[in-house]
Each structure stands twice: as C-alpha cells, then as structure tokens.
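Colleague: Sharing start_33.cif below, mmCIF, C-alpha atoms and all ligand atoms:
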data_target
loop_
_atom_site.label_atom_id
_atom_site.label_comp_id
_atom_site.auth_asym_id
_atom_site.auth_seq_id
_atom_site.Cartn_x
_atom_site.Cartn_y
_atom_site.Cartn_z
CA MET A 1 21.89 -5.65 -10.84
CA ASP A 2 23.02 -2.72 -12.97
CA LYS A 3 24.99 0.10 -11.42
CA ILE A 4 24.82 3.87 -11.60
CA ILE A 5 28.14 5.61 -10.88
CA LEU A 6 27.90 9.27 -9.94
CA ARG A 7 30.24 12.08 -10.87
CA PRO A 8 32.70 13.20 -8.19
CA ARG A 9 31.01 15.00 -5.26
CA ARG A 10 27.52 14.42 -6.64
CA GLU A 11 26.70 12.00 -3.83
CA GLU A 12 26.17 14.81 -1.32
CA SER A 13 22.41 15.13 -1.72
CA ILE A 14 22.03 11.35 -1.36
CA LEU A 15 24.09 11.37 1.82
CA ARG A 16 21.49 13.88 3.06
CA PHE A 17 18.76 11.35 2.13
CA HIS A 18 17.34 13.23 -0.84
CA PRO A 19 15.51 10.49 -2.78
CA TRP A 20 16.29 11.51 -6.38
CA VAL A 21 19.33 11.08 -8.62
CA PHE A 22 19.28 13.57 -11.49
CA SER A 23 20.62 12.41 -14.86
CA GLY A 24 23.20 15.22 -14.79
CA ALA A 25 24.82 13.70 -11.70
CA ILE A 26 25.57 10.41 -13.44
CA ALA A 27 29.07 9.64 -14.75
CA GLN A 28 28.41 6.09 -15.95
CA VAL A 29 25.63 3.54 -16.28
CA VAL A 30 27.15 0.08 -15.90
CA GLY A 31 24.96 -2.41 -17.78
CA SER A 32 21.81 -1.51 -19.67
CA PRO A 33 18.97 -1.13 -17.17
CA ALA A 34 15.45 -1.11 -18.51
CA GLU A 35 13.04 1.55 -17.26
CA GLY A 36 11.78 0.57 -13.86
CA ASP A 37 14.67 -1.79 -13.05
CA LEU A 38 16.16 -1.72 -9.58
CA VAL A 39 19.68 -0.30 -9.77
CA GLY A 40 22.47 0.29 -7.26
CA VAL A 41 23.83 3.83 -6.93
CA PHE A 42 27.52 4.33 -6.18
CA SER A 43 29.77 7.34 -5.60
CA ALA A 44 32.63 8.11 -7.98
CA ASP A 45 35.05 6.40 -5.59
CA GLY A 46 32.98 3.24 -5.53
CA HIS A 47 30.99 3.53 -2.29
CA PHE A 48 27.49 2.10 -2.22
CA LEU A 49 24.86 4.82 -1.65
CA ALA A 50 21.38 3.50 -2.36
CA TYR A 51 19.04 1.33 -4.41
CA GLY A 52 16.28 2.76 -6.53
CA HIS A 53 14.10 2.55 -9.64
CA TYR A 54 15.84 3.56 -12.83
CA GLN A 55 14.11 5.70 -15.43
CA VAL A 56 15.04 7.65 -18.55
CA GLY A 57 14.51 11.35 -17.85
CA SER A 58 15.71 14.15 -15.66
CA ILE A 59 15.08 12.14 -12.48
CA ALA A 60 17.11 9.05 -13.39
CA VAL A 61 16.77 7.12 -10.12
CA ARG A 62 14.05 7.28 -7.47
CA ILE A 63 15.57 5.89 -4.29
CA LEU A 64 13.77 3.15 -2.36
CA SER A 65 16.38 2.48 0.29
CA PHE A 66 19.73 3.78 1.43
CA ASP A 67 20.62 0.29 2.65
CA GLU A 68 19.76 -3.31 1.72
CA ASP A 69 16.14 -2.93 2.82
CA VAL A 70 14.60 -3.01 -0.65
CA LEU A 71 16.25 -6.35 -1.37
CA ARG A 72 14.36 -8.11 1.42
CA PRO A 73 11.30 -10.04 0.31
CA ASP A 74 8.96 -8.31 2.76
CA PHE A 75 9.98 -4.77 1.65
CA TRP A 76 6.58 -3.78 0.25
CA PHE A 77 4.69 -5.14 3.21
CA ARG A 78 6.92 -3.31 5.69
CA MET A 79 6.68 -0.01 3.82
CA LEU A 80 2.89 -0.16 3.54
CA ASP A 81 2.55 -1.32 7.12
CA ARG A 82 4.68 1.62 8.20
CA ALA A 83 2.49 3.97 6.14
CA LEU A 84 -0.66 2.56 7.74
CA ARG A 85 0.80 2.91 11.23
CA LEU A 86 1.33 6.64 10.62
CA ARG A 87 -2.35 7.00 9.56
CA ILE A 88 -3.41 5.11 12.68
CA ALA A 89 -1.20 7.35 14.84
CA CYS A 90 -2.83 10.43 13.28
CA GLY A 91 -6.30 9.11 14.06
CA LEU A 92 -7.24 8.65 10.41
CA HIS A 93 -7.49 4.87 10.17
CA GLY A 94 -10.14 3.31 12.35
CA ALA A 95 -11.80 6.65 13.12
CA ALA A 96 -15.58 6.71 13.47
CA GLN A 97 -16.03 9.97 11.57
CA THR A 98 -13.47 9.48 8.74
CA ASN A 99 -12.79 6.37 6.68
CA CYS A 100 -10.77 7.71 3.76
CA TYR A 101 -7.19 8.95 3.65
CA ARG A 102 -4.01 8.86 1.59
CA LEU A 103 -2.09 5.72 2.53
CA VAL A 104 1.02 6.40 0.44
CA HIS A 105 2.19 9.88 -0.49
CA GLY A 106 5.24 9.10 -2.65
CA GLU A 107 8.49 10.41 -1.21
CA GLY A 108 6.63 11.37 1.99
CA ASP A 109 6.27 7.64 2.68
CA GLY A 110 9.65 6.60 1.29
CA LEU A 111 8.06 5.31 -1.93
CA PRO A 112 8.87 7.82 -4.69
CA GLY A 113 6.51 7.51 -7.64
CA LEU A 114 3.65 5.85 -5.77
CA ILE A 115 0.30 7.24 -4.63
CA ILE A 116 -2.31 5.10 -2.88
CA ASP A 117 -5.59 6.54 -1.63
CA TYR A 118 -7.83 4.52 0.68
CA TYR A 119 -11.62 4.75 0.41
CA ASP A 120 -13.16 2.64 3.15
CA GLY A 121 -11.63 -0.63 2.01
CA VAL A 122 -10.90 0.33 -1.60
CA CYS A 123 -7.31 1.25 -2.48
CA VAL A 124 -6.75 3.31 -5.61
CA MET A 125 -3.14 3.46 -6.76
CA GLN A 126 -1.39 5.71 -9.23
CA ALA A 127 2.14 4.90 -10.35
CA HIS A 128 4.09 7.96 -11.43
CA SER A 129 7.18 5.96 -12.36
CA ALA A 130 7.89 2.88 -14.48
CA GLY A 131 9.34 1.15 -11.44
CA MET A 132 6.18 1.53 -9.39
CA PHE A 133 4.05 0.55 -12.36
CA ARG A 134 6.02 -2.66 -12.78
CA ALA A 135 5.80 -3.37 -9.03
CA LYS A 136 2.01 -3.07 -8.90
CA ALA A 137 1.37 -6.81 -8.42
CA GLN A 138 3.71 -6.90 -5.40
CA ILE A 139 2.15 -3.71 -4.05
CA CYS A 140 -1.31 -5.27 -4.39
CA GLU A 141 -0.18 -8.40 -2.53
CA ALA A 142 1.28 -6.25 0.25
CA LEU A 143 -1.99 -4.29 0.52
CA LYS A 144 -3.87 -7.56 1.02
CA GLU A 145 -1.48 -8.48 3.81
CA VAL A 146 -1.64 -5.08 5.48
CA TYR A 147 -5.43 -4.72 5.43
CA GLY A 148 -6.39 -8.37 5.65
CA ALA A 149 -10.06 -9.21 5.14
CA SER A 150 -11.15 -5.56 5.29
CA LEU A 151 -9.62 -4.92 1.84
CA LEU A 152 -12.41 -4.76 -0.75
CA ALA A 153 -10.52 -3.81 -3.90
CA VAL A 154 -7.29 -2.49 -5.36
CA TYR A 155 -7.75 -0.37 -8.48
CA ASP A 156 -4.79 0.68 -10.61
CA LYS A 157 -5.34 4.09 -12.19
CA SER A 158 -1.91 4.73 -13.64
CA SER A 159 -2.78 5.28 -17.30
CA GLY A 160 -2.64 9.07 -16.91
CA THR A 161 0.37 9.20 -14.59
CA ALA A 162 2.86 6.44 -15.49
CA PRO A 163 5.48 7.31 -18.10
CA PHE A 164 4.52 5.98 -21.53
CA LYS A 165 8.12 5.77 -22.66
CA ALA A 166 8.41 2.56 -20.68
CA GLY A 167 6.45 0.79 -23.41
CA LEU A 168 4.13 -0.65 -20.81
CA ASP A 169 0.55 -1.64 -21.27
CA LEU A 170 -1.29 1.21 -19.60
CA VAL A 171 -4.85 0.13 -19.02
CA ASP A 172 -6.61 1.01 -15.76
CA GLY A 173 -8.29 -1.80 -13.90
CA TYR A 174 -8.76 -3.85 -10.77
CA LEU A 175 -5.74 -5.70 -9.42
CA TYR A 176 -7.94 -7.28 -6.79
CA ARG A 177 -11.60 -7.48 -5.86
CA ALA A 178 -12.98 -9.29 -2.83
CA ASP A 179 -15.65 -11.86 -3.56
CA GLY A 180 -18.95 -10.14 -4.20
CA PHE A 181 -17.51 -6.62 -4.40
CA THR A 182 -18.59 -5.22 -7.77
CA ALA A 183 -19.13 -1.51 -7.13
CA ASP A 184 -17.21 1.19 -9.02
CA GLU A 185 -18.02 3.88 -6.49
CA ARG A 186 -18.25 4.06 -2.74
CA THR A 187 -19.71 6.40 -0.16
CA VAL A 188 -17.02 7.48 2.29
CA LEU A 189 -17.11 9.50 5.48
CA GLU A 190 -14.93 12.53 5.99
CA ASN A 191 -15.41 14.23 9.34
CA SER A 192 -18.91 12.71 9.36
CA ASN A 193 -19.73 14.17 5.94
CA ARG A 194 -20.71 11.69 3.26
CA PHE A 195 -19.10 11.73 -0.19
CA LEU A 196 -19.51 9.54 -3.23
CA VAL A 197 -16.14 8.60 -4.68
CA ASP A 198 -16.01 7.35 -8.26
CA TRP A 199 -12.45 6.17 -8.86
CA THR A 200 -12.96 4.95 -12.43
CA GLU A 201 -14.58 8.12 -13.83
CA GLY A 202 -13.47 10.75 -11.32
CA GLN A 203 -10.39 12.98 -11.40
CA LYS A 204 -7.10 11.75 -9.89
CA THR A 205 -7.97 8.80 -7.63
CA GLY A 206 -11.58 10.00 -7.30
CA PHE A 207 -11.48 12.51 -4.45
CA PHE A 208 -9.24 15.34 -3.21
CA LEU A 209 -8.31 14.01 0.20
CA ASP A 210 -5.74 16.76 0.69
CA GLN A 211 -8.38 19.40 1.52
CA ARG A 212 -9.86 17.56 4.54
CA GLU A 213 -8.55 19.96 7.21
CA ASN A 214 -9.19 23.05 5.10
CA ARG A 215 -12.78 21.95 4.51
CA ALA A 216 -13.16 21.70 8.28
CA ALA A 217 -11.75 25.24 8.56
CA VAL A 218 -14.43 26.45 6.12
CA GLY A 219 -17.01 24.63 8.21
CA ARG A 220 -15.95 26.59 11.30
CA LEU A 221 -16.63 29.93 9.61
CA ALA A 222 -19.56 29.27 7.26
CA GLU A 223 -22.50 29.59 9.63
CA GLY A 224 -24.99 32.22 8.51
CA ARG A 225 -22.99 33.04 5.40
CA ASN A 226 -23.62 33.05 1.68
CA VAL A 227 -20.92 30.84 0.25
CA LEU A 228 -19.38 30.60 -3.21
CA ASN A 229 -17.29 27.47 -3.85
CA LEU A 230 -15.21 27.93 -7.01
CA PHE A 231 -13.55 24.88 -8.62
CA CYS A 232 -15.69 22.77 -6.33
CA TYR A 233 -15.12 19.32 -7.94
CA THR A 234 -17.55 17.02 -6.08
CA GLY A 235 -18.45 19.72 -3.56
CA GLY A 236 -16.14 18.98 -0.62
CA PHE A 237 -16.13 22.52 0.76
CA SER A 238 -19.84 22.98 -0.08
CA ILE A 239 -20.95 20.03 2.05
CA TYR A 240 -18.97 21.25 5.08
CA ALA A 241 -20.42 24.75 4.66
CA LEU A 242 -23.98 23.42 4.43
CA ARG A 243 -23.42 21.17 7.45
CA SER A 244 -22.32 24.09 9.58
CA GLY A 245 -25.26 26.29 8.71
CA ALA A 246 -24.40 28.34 5.65
CA VAL A 247 -27.50 30.18 4.43
CA HIS A 248 -26.86 29.19 0.81
CA VAL A 249 -24.00 27.68 -1.18
CA ASP A 250 -23.27 28.13 -4.90
CA SER A 251 -20.87 25.49 -6.28
CA VAL A 252 -19.06 26.03 -9.58
CA ASP A 253 -16.99 23.61 -11.68
CA SER A 254 -16.48 23.22 -15.42
CA SER A 255 -16.81 19.44 -15.22
CA ARG A 256 -20.33 18.15 -15.79
CA LYS A 257 -19.51 14.80 -14.15
CA ALA A 258 -18.23 16.60 -11.06
CA MET A 259 -21.37 18.75 -10.83
CA ASP A 260 -23.60 15.68 -11.04
CA LEU A 261 -21.71 14.26 -8.06
CA VAL A 262 -22.12 17.53 -6.15
CA ASP A 263 -25.90 17.21 -6.47
CA ARG A 264 -25.76 13.59 -5.35
CA ASN A 265 -23.53 14.53 -2.39
CA VAL A 266 -25.92 17.31 -1.31
CA ALA A 267 -28.80 14.80 -1.34
CA LEU A 268 -26.72 12.09 0.34
CA ASN A 269 -26.10 14.38 3.30
CA GLY A 270 -29.77 15.18 3.63
CA PHE A 271 -29.56 18.91 2.93
CA ASP A 272 -32.54 20.77 1.56
CA ALA A 273 -31.84 21.32 -2.14
CA SER A 274 -33.06 24.94 -1.86
CA ARG A 275 -29.89 25.78 0.14
CA HIS A 276 -27.58 24.79 -2.71
CA THR A 277 -27.18 25.59 -6.41
CA SER A 278 -24.87 23.82 -8.86
CA HIS A 279 -23.32 25.74 -11.74
CA CYS A 280 -21.50 23.89 -14.50
CA ALA A 281 -19.43 26.83 -15.72
CA ASP A 282 -16.01 28.34 -16.10
CA ALA A 283 -15.18 29.66 -12.63
CA ILE A 284 -13.43 32.77 -13.92
CA ASP A 285 -16.36 33.74 -16.18
CA PHE A 286 -18.78 33.00 -13.34
CA LEU A 287 -16.87 35.20 -10.91
CA ARG A 288 -16.80 38.07 -13.41
CA GLU A 289 -20.63 38.16 -13.39
CA VAL A 290 -20.96 37.95 -9.57
CA PRO A 291 -22.44 41.15 -8.06
CA GLU A 292 -20.14 42.76 -5.47
CA GLY A 293 -21.05 41.79 -1.92
CA LYS A 294 -23.29 38.84 -2.86
CA TYR A 295 -21.08 36.31 -1.04
CA ASP A 296 -19.46 36.60 2.36
CA LEU A 297 -17.33 33.48 2.06
CA ILE A 298 -15.57 32.54 -1.18
CA ILE A 299 -13.42 29.44 -1.77
CA VAL A 300 -10.90 29.51 -4.62
CA ASP A 301 -9.28 26.11 -5.22
CA PRO A 302 -8.16 25.96 -8.86
CA PRO A 303 -6.25 23.12 -10.53
CA ALA A 304 -2.46 23.51 -10.68
CA PHE A 305 -1.83 26.53 -12.94
CA ALA A 306 1.87 25.61 -13.28
CA LYS A 307 2.80 21.99 -13.90
CA HIS A 308 6.50 22.80 -14.47
CA ARG A 309 8.98 25.65 -13.82
CA GLY A 310 8.60 27.07 -17.31
CA ALA A 311 4.97 27.92 -16.60
CA LEU A 312 5.68 29.66 -13.29
CA LYS A 313 5.46 33.29 -14.42
CA ASN A 314 2.14 32.87 -16.21
CA ALA A 315 0.78 30.84 -13.31
CA LEU A 316 1.60 33.58 -10.79
CA ARG A 317 -0.14 36.11 -13.00
CA ALA A 318 -3.19 33.82 -13.24
CA TYR A 319 -3.31 33.39 -9.43
CA GLN A 320 -3.11 37.16 -9.04
CA ARG A 321 -5.96 37.82 -11.52
CA LEU A 322 -8.23 35.18 -10.04
CA ASN A 323 -7.62 36.31 -6.46
CA ALA A 324 -8.04 39.98 -7.33
CA ALA A 325 -11.49 39.12 -8.69
CA ALA A 326 -12.44 37.12 -5.59
CA ILE A 327 -11.16 39.80 -3.18
CA SER A 328 -13.02 42.53 -5.12
CA LYS A 329 -16.30 40.65 -5.03
CA VAL A 330 -16.47 39.36 -1.43
CA ALA A 331 -18.74 41.30 0.95
CA PRO A 332 -17.15 43.57 3.58
CA GLY A 333 -16.31 41.43 6.60
CA GLY A 334 -16.10 38.38 4.35
CA PHE A 335 -13.67 35.50 4.15
CA VAL A 336 -11.70 34.25 1.16
CA PHE A 337 -10.10 30.80 1.33
CA THR A 338 -7.58 30.71 -1.50
CA PHE A 339 -5.34 27.81 -2.53
CA SER A 340 -2.61 26.73 -4.90
CA CYS A 341 -1.72 23.09 -5.47
CA SER A 342 1.09 23.85 -7.98
CA GLN A 343 4.23 22.26 -6.60
CA VAL A 344 6.48 24.76 -8.39
CA VAL A 345 4.68 27.73 -6.78
CA ASP A 346 6.11 28.03 -3.27
CA LYS A 347 4.44 29.57 -0.21
CA GLU A 348 6.23 32.88 -0.64
CA GLY A 349 5.45 33.10 -4.36
CA PHE A 350 1.79 32.38 -3.74
CA ALA A 351 1.57 34.89 -0.88
CA LEU A 352 3.14 37.50 -3.15
CA ALA A 353 0.57 36.79 -5.88
CA VAL A 354 -2.26 37.19 -3.35
CA PHE A 355 -0.65 40.36 -1.95
CA SER A 356 -0.58 41.80 -5.47
CA ALA A 357 -4.20 40.74 -5.91
CA ALA A 358 -5.24 42.55 -2.73
CA ALA A 359 -3.41 45.68 -3.83
CA GLU A 360 -5.10 45.47 -7.23
CA ALA A 361 -8.51 45.15 -5.55
CA ARG A 362 -7.65 48.05 -3.19
CA ARG A 363 -9.36 46.42 -0.19
CA SER A 364 -8.26 46.06 3.43
CA VAL A 365 -7.10 42.43 3.63
CA ARG A 366 -5.72 40.53 6.60
CA ILE A 367 -4.20 37.05 6.66
CA LEU A 368 -5.94 35.05 9.39
CA ASP A 369 -4.40 31.67 8.69
CA ARG A 370 -1.90 29.87 6.49
CA LEU A 371 -3.17 26.54 5.25
CA CYS A 372 -1.40 23.46 4.00
CA GLN A 373 -1.73 19.74 3.26
CA PRO A 374 -2.74 17.33 6.04
CA ALA A 375 -0.74 14.65 7.90
CA ASP A 376 -1.55 11.82 5.46
CA HIS A 377 0.16 13.92 2.75
CA ALA A 378 3.29 14.02 4.89
CA VAL A 379 6.40 15.82 3.69
CA ASN A 380 9.69 13.95 3.96
CA ILE A 381 12.02 16.46 5.66
CA TYR A 382 14.78 15.50 3.19
CA HIS A 383 12.47 16.13 0.24
CA PRO A 384 10.92 19.59 0.66
CA GLU A 385 9.58 19.33 -2.91
CA GLY A 386 6.82 17.15 -1.43
CA GLU A 387 5.10 20.21 -0.01
CA TYR A 388 2.66 21.34 -2.67
CA LEU A 389 -0.66 22.53 -1.21
CA LYS A 390 -0.74 25.99 0.29
CA GLY A 391 -3.54 28.35 1.09
CA LEU A 392 -4.42 31.57 2.83
CA LEU A 393 -7.47 32.50 4.82
CA LEU A 394 -8.17 36.18 4.18
CA TYR A 395 -10.46 38.58 6.01
CA VAL A 396 -11.58 41.32 3.66
CA GLU A 397 -13.19 44.64 4.69
N1 LIG A 401 -12.01 21.99 -4.27
C1 LIG A 401 -12.11 20.66 -4.80
C2 LIG A 401 -10.93 20.25 -5.64
C3 LIG A 401 -10.63 21.15 -6.82
S1 LIG A 401 -9.69 20.41 -8.08
C4 LIG A 401 -12.38 19.66 -3.67
O1 LIG A 401 -12.40 20.07 -2.51
O2 LIG A 401 -12.59 18.49 -3.95
C5 LIG A 401 -9.87 21.56 -9.35
C6 LIG A 401 -11.22 21.55 -10.06
O3 LIG A 401 -11.23 22.63 -10.97
C7 LIG A 401 -11.54 20.31 -10.89
O4 LIG A 401 -12.73 19.75 -10.43
C8 LIG A 401 -11.71 20.83 -12.33
O5 LIG A 401 -12.79 20.20 -13.01
C9 LIG A 401 -12.02 22.28 -12.09
N2 LIG A 401 -11.71 23.23 -13.15
C10 LIG A 401 -10.61 23.29 -13.91
N3 LIG A 401 -10.64 24.41 -14.68
C11 LIG A 401 -11.79 25.05 -14.39
C12 LIG A 401 -12.39 26.26 -14.83
N4 LIG A 401 -11.78 27.03 -15.73
N5 LIG A 401 -13.57 26.64 -14.30
C13 LIG A 401 -14.19 25.86 -13.38
N6 LIG A 401 -13.65 24.71 -12.92
C14 LIG A 401 -12.48 24.31 -13.42
#
Just give me the structure of the file as structure tokens.
Modeller:
Amino acid sequence: MDKIILRPRREESILRFHPWVFSGAIAQVVGSPAEGDLVGVFSADGHFLAYGHYQVGSIAVRILSFDEDVLRPDFWFRMLDRALRLRIACGLHGAAQTNCYRLVHGEGDGLPGLIIDYYDGVCVMQAHSAGMFRAKAQICEALKEVYGASLLAVYDKSSGTAPFKAGLDLVDGYLYRADGFTADERTVLENSNRFLVDWTEGQKTGFFLDQRENRAAVGRLAEGRNVLNLFCYTGGFSIYALRSGAVHVDSVDSSRKAMDLVDRNVALNGFDASRHTSHCADAIDFLREVPEGKYDLIIVDPPAFAKHRGALKNALRAYQRLNAAAISKVAPGGFVFTFSCSQVVDKEGFALAVFSAAAEARRSVRILDRLCQPADHAVNIYHPEGEYLKGLLLYVE
C-alpha cells in the first residue's frame, strides 16, 4: 500500500480524529497511488496515523479508520451495521409511521464521501469520492447483508457527485434488484405522510430527508393558516401543512418535474385539491407579486446559494434579499420558517443575514426556534463541517 508522509506537526488534526488530510499537509507521497486507492498516512517522524482513500485535490485523503479496522474483510458490513443501529436507536428504522431515512451521512457515519438514503427497502447511494465510487460493489454486498431479504434494490446515483478526474465510468444504475422488483419510484411514509420518491429522475437521491423534523414543526403551527411553501420540491412541507389543517397551501418550485410530484403527493394523501395550488415558477419572482398579508405562514427553503467559500458574500446577500421579501409579505402574527443548506454559511452568518433582512423589512420579528438537521444526518463531533442545515422560525408582527 502506498504511503502519505505528512509535514512536521501536521498530524495534529488527525490525532484529534478529523477525517481529512489536506494536500498542503503532505510532505511526500511514497509510491504512485491512483485516485481512490487506500493509502496509509504517517507523521513526519514515521508514526502510523490512519488509512484512507486517496484523491487528487485539496482533500487528499479521506480517512476510513485510525487503526487497522479498514483492512478487515468485514469492514463495510460493520460500518453499515453500525449506521443502521443508530437509526434503530433513534426510532427511524422499523417505525410504523416512517420508513425512509438517511443510512449513511458521510463523515457523520465514519464514511467520508458516501451518502446512502433508504426508501422502504430501496437504498440510493451517492459517492462523492473516487474511493467510495470504486468501493460500490462491496458497499452493495454489505447492504444485502445488513438488510437481508428486506432489501429491494440498491441504486447508484453518483454520476453528478463523484469526481470525474478519476477517469471512471460514471453511469447511474442498479447495483442490485430483488427478483420481481422493477419499479423506479416508491411511495414512502414520513411521519404517516405519503410521498412518492423517484430516485432516477428526482433531485439528489430523490427526496430531502433532512427536513423531516422541520416539516413536523410546520405541521404543528399550520392549522387554520394560509401557507406559502417556496422552493417546495415535491411538497414535503405542503403535505404536513395540509394534514394539520391549513386552510390553503400554495407550493412554488421552478422544476416542472417536482411540481408534477407535488400534485401526485397531494392526491396520494387524499387531500381535496381545492386546498392546494401548484405554481411552477421562480420563487423570488412569485414572492415579489404576493400581496402583503396574504399568507400567515411562509416557508423559505432555497437550494444552497453558496457551494464554496468564494461565493459566501453573494450568498449572504441573496439570503438577506429573499428573507426581507418574505418577512415584508407575511401577515401580522405570521410565521416564517427560513432555511439555509449551504455548508459554508454557518449558523451565525445565516442569523446575521436574517437579522439584516428583518431590519430591511422594518417589522417586529422574534426568533421562536432554531432549526437544524435531524439525527440520521448526524454530525461527527470531530468534523463540525458536517453541520450544514440551519433554520430559524420567526414570528412576525
Ligand atoms: N423544501 C424542499 C426541498 C427544497 S430543495 C423539501 O422539503 O423537499 C430546493 C428546491 O428549490 C429544488 O426543488 C429546486 O428545484 C428549487 N429551486 C431552485 N431555484 C429555484 C428558483 N429560483 N425558484 C423556485 N425554485 C427553485
């Protein structure tokens, strides 16, 4: 196995279990590892530190174990089994009212570069590193072992996430399908709400599982309200609002495919179509035309405005503008649920953008709750970068 030798004193973050080795910390690469190869990481004075997947780029090694663990043949099984046990402990696996969750959240589950979402027997994986992409057959075998006969399919959807530099054949497809399972979509239950998940055509792995708890929070406050769900995707927040007795819900997304699924989800849950309207539109343009006071609950859940540090300043300005519009338009005594899923925008930065938005709108605004990602999107305490979803519940007078 090839070796990575660090510069003097650059082992400190690894001794604190941070799972990344940056290229700048490397003194020498011994051998010529290919992208995705397992490499050993050593300190300048020759001490073994960890094993991980090698990759060309700013994150040169993603660590899989700080000991010999990754060399054992049952490594993948044990890691996935451990991930499943956490979901069982949190009441997500085997629950009557919910049968979808994130099984593997990258570094949060000790598997940097790997995402696996579980949709009632169907696992959808996205490799974000060459190493995970190359390990997908082993990962699939381990999933079969972990779930046994209840596993219906494993779908690899890495074409948009795996690094192309690796020169790998990036075509999405099934790694496994149980006999007789031919569907490309599945109806799942989330807190007793039904959602159609289309993993081949949908965004990311097909559904945004990270908003489960925040959708429930909307459900607790939506009764008797007129709701506007901006950036609704397949209507997660809308369905919860309708279930809990919202008078009417308007859902807005620029994706036509997403809006078609919203309509199907409204029907699937048995709601009267007159209580819901779909709008395939730009959310910012839509909000501009909204009469003041029309809605008394507004959800703002845009895509990540900043994908990297360089875009941070513009992203903060965009969050401020969007939130100023939402705060201006909501009825007195109304709620605004506002979110950011940009990893580079931290809680404080987001709160500051929303503070500036409130000041711009010149309304009385109180923070009732601070929202985040749920337990199946766990944050490794040694890798705070894994915290990405943040939100605020605002009460506006
Ligand atoms: N709230 C959703 C997830 C939102 S993801 C849920 O609970 O499932 C962000 C969504 O924003 C995507 O569906 C994307 O299609 C949509 N989007 C991106 N830019 C947009 C724009 N300018 N106007 C409206 N929707 C947009």
Colleague: Which residues are near ligand LIG 401 (chain A) in this structure, taking near to mean any atom at most 10 Å from a ligand atom and counting only C-alpha atoms and all ligand atoms? Format them as a PyMOL selection string.
Modeller: chain A and resi 202-204+206-212+214-215+229-239+251-259+262+279-287+299-305+339-341
Colleague: Enter the distance from CA of Ile139 in chain A to CA of Phe77 in chain A, in Å, rounded to one decimal.
Modeller: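 One can read the CA of Ile139 in chain A to CA of Phe77 in chain A distance as 7.8 Å.
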Colleague: From (-6.7, 37.7, -4.0), in the file's coordinates, out to 7 Å: which residues are reached, counting only C-alpha atoms? Answer as a PyMOL selection string.
Modeller: chain A and resi 320+322-327+354-355+357-358
Colleague: Which one is closest to Thr205 in chain A: A:His93, A:Arg10, A:Arg275, A:Lys157? Count all atoms listed in the file.
Modeller: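 Looking at the shortest contact to Thr205 in chain A, the residue is A:Lys157.
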Colleague: Contacts of Ser23 in chain A at 6 Å or less, counting all atoms listed in the file, minus same-chain residues fewer than 3 places along, as a PyMOL selection string?
Modeller: chain A and resi 26+58+60
Colleague: Would you tabulate, counting only C-alpha atoms, all residues of range 342-397 of chain A that have an atom at most 12 Å from an atom of range 106-114 of chain A, showing the closest pair of atoms and their distance in Å to one decimal, sorted by chain then ascending number, as a tab-separated table?
Modeller:
residue	atom	partner	partner_atom	distance
A:Gln373	CA	A:Gly108	CA	11.9
A:Pro374	CA	A:Gly108	CA	11.8
A:Ala375	CA	A:Gly108	CA	10.0
A:Asp376	CA	A:Gly108	CA	8.9
A:His377	CA	A:Gly108	CA	7.0
A:Ala378	CA	A:Gly108	CA	5.2
A:Val379	CA	A:Gly108	CA	4.8
A:Asn380	CA	A:Gly108	CA	4.5
A:Ile381	CA	A:Gly108	CA	8.3
A:Tyr382	CA	A:Glu107	CA	9.2
A:His383	CA	A:Glu107	CA	7.1
A:Pro384	CA	A:Gly108	CA	9.4
A:Glu385	CA	A:Glu107	CA	9.1
A:Gly386	CA	A:Gly108	CA	6.7
A:Glu387	CA	A:Gly108	CA	9.2
A:Tyr388	CA	A:Gly108	CA	11.7
Colleague: Ranking A:Leu151, A:Leu189, A:Ala331, A:Val336 by minimum distance to Glu397 in chain A and counting only C-alpha atoms, which one comes first?
Modeller: A:Ala331
Colleague: So that I can check the surroundings of Tyr51 in chain A, please list as a list in words every protein, DNA and RNA residue that reaches within 9 Å of it, counting all atoms listed in the file and ignoring chain neighbours fewer than 6 positions away.
Modeller: Leu38, Val39, Gly40, Val41, Val61, Arg62, Ile63, Leu64, Ser65, Phe66, Asp67, Glu68, Asp69, Val70 and Leu71 of chain A
Colleague: If I put a ball of radius 9 Å at (2.2, 28.0, 6.9) in the file's coordinates, which residues poke into it when counting all atoms listed in the file, written as a PyMOL selection string?
Modeller: chain A and resi 347+369-372+390-392
Colleague: Within 12 Å of Gly310 in chain A, counting only C-alpha atoms, which residues qualify if same-chain residues fewer than 5 places away don't, as number ranges by chain?
Modeller: A: 305, 315-316, 344-345
Colleague: Given the choices A:Leu80, A:Ala130, A:Ile5, A:Val266, which gets closest to Ala34 in chain A if the distance is worked out from all atoms listed in the file?
Modeller: A:Ala130
Colleague: Go through A:Gly333, A:Asp120, A:Leu196, A:Asn314 and flag the residue nearest Asp263 in chain A, using only C-alpha atoms for the distances.
Modeller: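 With only C-alpha atoms as the atom set, the closest residue is A:Leu196.
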Colleague: Quick one, how far is CA of Ile367 in chain A from CA of Leu394 in chain A?
Modeller: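 Taking CA of Ile367 in chain A as the start and CA of Leu394 in chain A as the end point, the length is 4.8 Å.
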Colleague: In Å, with one decimal, what is the gap from CA of Ala96 in chain A to CA of Tyr240 in chain A?
Modeller: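 For CA of Ala96 in chain A relative to CA of Tyr240 in chain A, the distance reads 17.1 Å.
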